[in-house]
Structures are given as C-alpha cells and as structure tokens.
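Engineer: Handing you this structure, nothing more for now.
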Amino acid sequence: MTTPRLYLSPPHMGPDERRLLLEAFDSNWVAPLGPHVDAFEKEMSAKVSGLHCVALSSGTAGLHLALQMLGVSRDDEVLVSSLTFAASANPVTYLGAKPVFIDAEASSWNMDPVLLAEELEACAKRGKLPRAVVVVDLYGQCADYDVLLAACAKYQVPLIEDAAEALGATYQGKPAGTFGAMGVLSFNGNKIITTSGGGMLLARDEAFATKARFLAQQARDPAPHYEHSHIGYNYRLSNLLAAVGRGQLSVLEERVKVRRATNAFYRQALSELPGVAFMPLSKKGEWNAWLSVITIDPKVFGADRETIRLALEKENIESRPVWKPMHLQPVFKECRVRGGRVGDQAFANGLCLPSGTAMTDGDRQRVVDVIRRVQRR
Ligand SMILES: *Cc1c(COP(=O)(O)O)cnc(C)c1O
C-alpha cells in the first residue's frame, strides 16, 4: 500500500514533549514520581478549576480508586453509562460490585437523566440504592450534569465523572472532569493528549486525593520500614511520562481547535449527503471534538456504516464503529439495563472518522472522497 495509513486518533508529539522527556531522562529521575509528576498535577489543576489532581498509570486505575474510595464493595450496584468503552464499567467488577447500565439520551448520546431518575427511584423502592453513578462524557462532550447531579442529590448517591475522552471540553462554562465527587482523565495513546499511557484522578475534596496517593503507592503506612494496614496498588505515573504529559497539556487548546476544525470540515463536506448525520451536540457546553462521529441511515444513504468502514479500510483509512454498548456485551449479559434503544441505534449506524490533529486538508479530503464514492455506487 503506497498511501500512508490514516489512523483514527494517533498520538501527536511536539518539540516540547521531546525536550521535557529528555530533561527528565538526563536528570536520571526516571522512576515513578518525581518533579515532573508534581508539576504535571499542578499544571492540570490550573485547567480544572483548581481541583486536586493525582497522576496515575491509567484512567482505568483512576476509576478503580474513585469507586473504592466511595466505598463500593461486594454486591453493591453502580449505575454506569451503557454507551461507552468497557473501561468505564470494568473497575466496578474489580470490587465485586455489579454495574447496572443506563442508556443514552438521543440529544447528546450521554446518560439519559430521565432514565437515571427512573432507575434511582426503582432502586429506592426496592430498598437498595446504588453506591455510585459513573457518567461518561462521550467522544468529548460533557453529559447534562445539572439534571444528572440533581437526580443523584435526591438520593444522596455520589457521581463519578468519566471524562477520559473529554479533557478540554466544557459544560455551562465549567471544565470537563470537575462535575462529580471525583473525575477521571485518560492519557492513553488515542486520547486528545497522551503520555503513551496514563491517567489522572480529580477531586474537590483533598482527602480523596491524599487517599488516592496512598492507595496508588502500595498503601505504605508512615514508618521507616515497610508497614501496611491496607491493600494497595501500583498505580502512579512515571516521571518520564509526566514530562511528556506536561508538553502535551501546554498545547491542549490548539489540539481542541484543530479537532473542531476537522469536525467542521467533515460537516461541510458530508452534511448534505442524504442519510448522513453527525453525533448530536448539546448547546449547554462546548465539546473538545475528540472524535468526529457520523451516523448513516442505510435506507436513505444506500449503504450501511460497515460498507463505508470497509471502503475506507481498503484505502488504508482507519475508522471504527461507535462503542458497542455495555448492555450488548457478552461479559455483561447478566447485568440490568434501563432503556437501550438509543445506544443500539448509535452502535448500529455510527462510525468514528479519523480525527487526529496532524491531519492535513488532503487527508480529510481522502476520507470525504471515499464516503462520497460509496454513496454514488
Ligand atoms: C480511554 C477510556 C477509559 C480508560 O482510560 P485508560 O487510560 O485507557 O485506562 C475509560 N473510559 C473511557 C470512556 C475511555 O474512553
């Protein structure tokens, strides 16, 4: 294949990342923790309304710690957005608890506040409230927190914001990651900024941050020797990776701008095609445009999303179906779900298009041309 592969959302590194990484390397401070970790946390804090930030080895680790700190344990239930990546739900099971899935609303693809309220009411009637609610900011758009938080407050159930895909987005003017009792970010390789692998726990309450640090560093009690009265984890971020993260964070706003421009390009070029629509955007916030997602009405378009995906693949262009909802996953088939049709539809017809920030207009045009060609066939 002669045309270079166009990936969905590849890492995009710059000279600052390289400089900071080498600086960390040359300082020999390569082990976990160190000055770049502290600085990365401080610089992130400035971007998320001054919340306490704990740098971790992954977003999944952040969700695990957040759930554990809220007391989630064996046989508890945790309500989780169904339309998401499995990492939103997996940590619930690490603690022996059970996820209960809530469908998305059609207007944003995020957790439907009406379904959440219904499920909480049903749980209350049954006499067993969930221990927590995990709300995902899908594809870089914040969920409707005014309504979701009100529903949770009524039953005093804490909310965890899975903002793994949403760094740089806002809701009612406030940054993603700041809405729940705790928020979680991811710096996995395909996210809007990356440290190759990494994550961050955000907490308003300093006690949660302190406890997260303790648990993430093998739960060492204060003593000159190794003393343990709790089970801990090895979940902290390395100083080398934090150096990369600092460089990435300094260009976050530029990255968001480019992703939004990519989305605008696709809208301009594809919106008028019959049977093509875009992931619905709420007016209550500004997304970070992490991935541009289209939906295909196969009857109107004349082909389904899988035909488009295969046509793109043939041209060496990576695209992906929308997340397969958790309530359709074999591993969660025993779990309860409320609603499901919106997620089913998004999965059946949704396709994520290449959205990387190093793409040129020529790259974007390649994608558009293939989709147009499939339609003309
Ligand atoms: C990427 C992602 C995660 C997990 O983050 P990792 O850093 O890869 O562990 C969790 N939730 C969602 C919605 C994600 O997209």
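Residues are named by chain letter and number: chains run A, B, ... in the order of the structure tokens, numbers start at 1 in each chain, and ligands are numbered from 1 in the order shown.
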Step by step, measure atom-to-atom distances between ligand 1 and each residue using only C-alpha atoms and all ligand atoms, keep those at most 9 Å, then write them as a PyMOL selection string.

Structural biologist: chain A and resi 56-63+83-89+136-139+162-166+184-191+197-200

Engineer: Within range 44-156 of chain A, find each residue whose DSSP state, derived from the backbone, is strand (DSSP E or B), and express the selection as JSON, numbers by chain.

Structural biologist: {"A": [52, 53, 54, 55, 56, 77, 78, 79, 80, 81, 98, 99, 100, 101, 102, 104, 111, 132, 133, 134, 135, 136]}

Engineer: Considering only C-alpha atoms, state which residue in the set A:Arg131, A:His36, A:Arg376, A:Arg364 is at the smallest distance from Leu20 in chain A.

Structural biologist: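 When distances to Leu20 in chain A are compared using only C-alpha atoms, the smallest one comes from A:His36.
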
Engineer: CA of Gly183 in chain A to CA of Ala203 in chain A: how many Å, to one decimal?

Structural biologist: 6.5 Å

Engineer: Write out as a count of residues only all residues of range 154-245 of chain A that DSSP puts in helix (DSSP H, G or I) for this structure's backbone.

Structural biologist: 20

Engineer: At what distance in Å, to one decimal, does CA of Ala311 in chain A lie from CA of Arg373 in chain A?

Structural biologist: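 Distance between the two atoms: 9.1 Å.
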
Engineer: Compile the contact shell of Leu167 in chain A as a PyMOL selection string: residues with an atom at most 8 Å away, counting only C-alpha atoms, same-chain residues fewer than 6 positions apart removed.

Structural biologist: chain A and resi 140+175-177+185+192+288

Engineer: Those residues with all heavy atoms, as a short mmCIF file (atom, residue, chain, number, x, y, z; two decimals), in the first residue's frame please?

Structural biologist:
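Result went into selection29.cif, see below:
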data_model
loop_
_atom_site.label_atom_id
_atom_site.label_comp_id
_atom_site.auth_asym_id
_atom_site.auth_seq_id
_atom_site.Cartn_x
_atom_site.Cartn_y
_atom_site.Cartn_z
N GLY A 140 -15.97 13.22 23.96
CA GLY A 140 -15.51 14.58 24.23
C GLY A 140 -16.61 15.59 24.44
O GLY A 140 -16.35 16.79 24.36
N PRO A 175 -15.06 23.29 33.25
CA PRO A 175 -14.30 22.25 32.55
C PRO A 175 -14.75 20.81 32.84
O PRO A 175 -15.15 20.49 33.97
CB PRO A 175 -12.86 22.45 33.05
CG PRO A 175 -12.95 23.31 34.24
CD PRO A 175 -14.24 24.05 34.21
N ALA A 176 -14.65 19.98 31.84
CA ALA A 176 -14.92 18.54 31.99
C ALA A 176 -14.02 17.97 33.08
O ALA A 176 -12.86 18.37 33.23
CB ALA A 176 -14.64 17.83 30.66
N GLY A 177 -14.55 17.04 33.82
CA GLY A 177 -13.78 16.38 34.87
C GLY A 177 -14.08 16.92 36.26
O GLY A 177 -13.65 16.36 37.26
N LEU A 185 -9.48 11.39 34.16
CA LEU A 185 -8.98 11.68 32.80
C LEU A 185 -8.11 10.51 32.34
O LEU A 185 -7.59 9.76 33.17
CB LEU A 185 -8.12 12.94 32.80
CG LEU A 185 -8.76 14.22 33.33
CD1 LEU A 185 -7.70 15.33 33.41
CD2 LEU A 185 -9.91 14.65 32.43
N ILE A 192 -7.09 12.80 23.53
CA ILE A 192 -6.79 14.11 22.93
C ILE A 192 -5.37 14.57 23.30
O ILE A 192 -4.70 15.21 22.48
CB ILE A 192 -7.86 15.16 23.28
CG1 ILE A 192 -7.71 16.40 22.42
CG2 ILE A 192 -7.86 15.50 24.78
CD1 ILE A 192 -8.98 17.16 22.17
N ASN A 288 -14.81 18.88 23.02
CA ASN A 288 -13.42 19.00 22.55
C ASN A 288 -13.24 18.36 21.17
O ASN A 288 -12.14 18.36 20.63
CB ASN A 288 -12.43 18.40 23.57
CG ASN A 288 -12.54 16.88 23.68
OD1 ASN A 288 -13.27 16.24 22.93
ND2 ASN A 288 -11.81 16.30 24.61
#

Engineer: Using only C-alpha atoms, determine which residues lie at most 12 Å from Leu273 in chain A, disregarding the query and same-chain residues fewer than 5 positions distant; provide the list as a list in words.

Structural biologist: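 Contacts, in chain order: Tyr266, Arg267, Gln268, Phe278, Ile294, Thr295, Ile296, Asp297, Val300, Phe301, Gly302, Val368, Ile371, Arg372, Arg373, Val374, Gln375 and Arg376 of chain A.
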
Engineer: Could you save the residues just selected, with N, CA, C and O atoms, as a CSV table (one decimal), in the first residue's frame?

Structural biologist:
chain,number,residue,atom,x,y,z
A,266,TYR,N,-15.6,18.0,8.0
A,266,TYR,CA,-16.5,16.8,7.7
A,266,TYR,C,-18.0,17.3,7.6
A,266,TYR,O,-18.7,16.8,6.7
A,267,ARG,N,-18.4,18.2,8.4
A,267,ARG,CA,-19.8,18.6,8.4
A,267,ARG,C,-20.1,19.3,7.0
A,267,ARG,O,-21.1,19.1,6.4
A,268,GLN,N,-19.1,20.2,6.7
A,268,GLN,CA,-19.3,21.0,5.5
A,268,GLN,C,-19.4,20.0,4.3
A,268,GLN,O,-20.2,20.2,3.4
A,278,PHE,N,-24.6,13.8,12.0
A,278,PHE,CA,-23.5,13.8,12.9
A,278,PHE,C,-23.9,13.5,14.4
A,278,PHE,O,-25.1,13.7,14.7
A,294,ILE,N,-20.1,10.1,12.6
A,294,ILE,CA,-21.3,10.3,11.7
A,294,ILE,C,-22.2,9.1,12.0
A,294,ILE,O,-21.8,8.1,12.5
A,295,THR,N,-23.5,9.3,11.6
A,295,THR,CA,-24.4,8.2,11.6
A,295,THR,C,-25.0,8.0,10.2
A,295,THR,O,-25.1,9.0,9.5
A,296,ILE,N,-25.2,6.8,9.8
A,296,ILE,CA,-25.7,6.5,8.5
A,296,ILE,C,-27.0,5.9,8.5
A,296,ILE,O,-27.2,4.9,9.2
A,297,ASP,N,-28.0,6.5,7.9
A,297,ASP,CA,-29.3,5.8,7.7
A,297,ASP,C,-29.2,5.0,6.4
A,297,ASP,O,-29.2,5.5,5.3
A,300,VAL,N,-31.6,5.4,3.4
A,300,VAL,CA,-31.6,6.7,2.7
A,300,VAL,C,-30.2,6.9,2.0
A,300,VAL,O,-30.1,7.4,0.9
A,301,PHE,N,-29.1,6.4,2.7
A,301,PHE,CA,-27.8,6.6,2.2
A,301,PHE,C,-27.5,5.6,1.0
A,301,PHE,O,-26.8,5.9,0.1
A,302,GLY,N,-28.1,4.4,1.1
A,302,GLY,CA,-27.9,3.4,0.1
A,302,GLY,C,-26.8,2.4,0.4
A,302,GLY,O,-26.5,1.5,-0.4
A,368,VAL,N,-13.4,12.0,3.0
A,368,VAL,CA,-14.7,12.5,2.4
A,368,VAL,C,-14.9,11.9,1.0
A,368,VAL,O,-16.0,11.4,0.7
A,371,ILE,N,-16.3,8.3,1.2
A,371,ILE,CA,-17.7,8.2,1.6
A,371,ILE,C,-18.6,8.6,0.5
A,371,ILE,O,-19.6,8.0,0.2
A,372,ARG,N,-18.2,9.7,-0.2
A,372,ARG,CA,-19.0,10.2,-1.4
A,372,ARG,C,-19.1,9.1,-2.4
A,372,ARG,O,-20.1,8.9,-3.0
A,373,ARG,N,-17.9,8.4,-2.6
A,373,ARG,CA,-17.9,7.4,-3.7
A,373,ARG,C,-18.8,6.2,-3.3
A,373,ARG,O,-19.5,5.7,-4.2
A,374,VAL,N,-18.8,5.8,-2.0
A,374,VAL,CA,-19.7,4.7,-1.6
A,374,VAL,C,-21.1,5.1,-1.9
A,374,VAL,O,-21.9,4.3,-2.4
A,375,GLN,N,-21.5,6.3,-1.7
A,375,GLN,CA,-22.9,6.8,-1.9
A,375,GLN,C,-23.2,6.7,-3.4
A,375,GLN,O,-24.3,6.3,-3.8
A,376,ARG,N,-22.3,7.2,-4.2
A,376,ARG,CA,-22.6,7.2,-5.7
A,376,ARG,C,-22.7,5.8,-6.3
A,376,ARG,O,-23.4,5.7,-7.3

Engineer: Leaving out Leu215 in chain A and any residue of its chain fewer than 5 positions from it, which residues lie within 9 Å of it when counting only C-alpha atoms, given as JSON, numbers by chain?

Structural biologist: {"A": [65, 210, 220, 230, 231, 232, 233, 234, 235]}

Engineer: Within 7 Å of range 319-330 of chain A, counting only C-alpha atoms, which residues qualify if same-chain residues fewer than 6 places away don't, as a list in words?

Structural biologist: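 Result of the neighbour search: Leu8, Ser82, Leu83, Thr84, Phe85, Ala86, Phe101, Arg309, Val337, Gly343, Asp344, Ala346, Phe347, Gly350, Leu351, Cys352, Leu353 and Pro354 of chain A.
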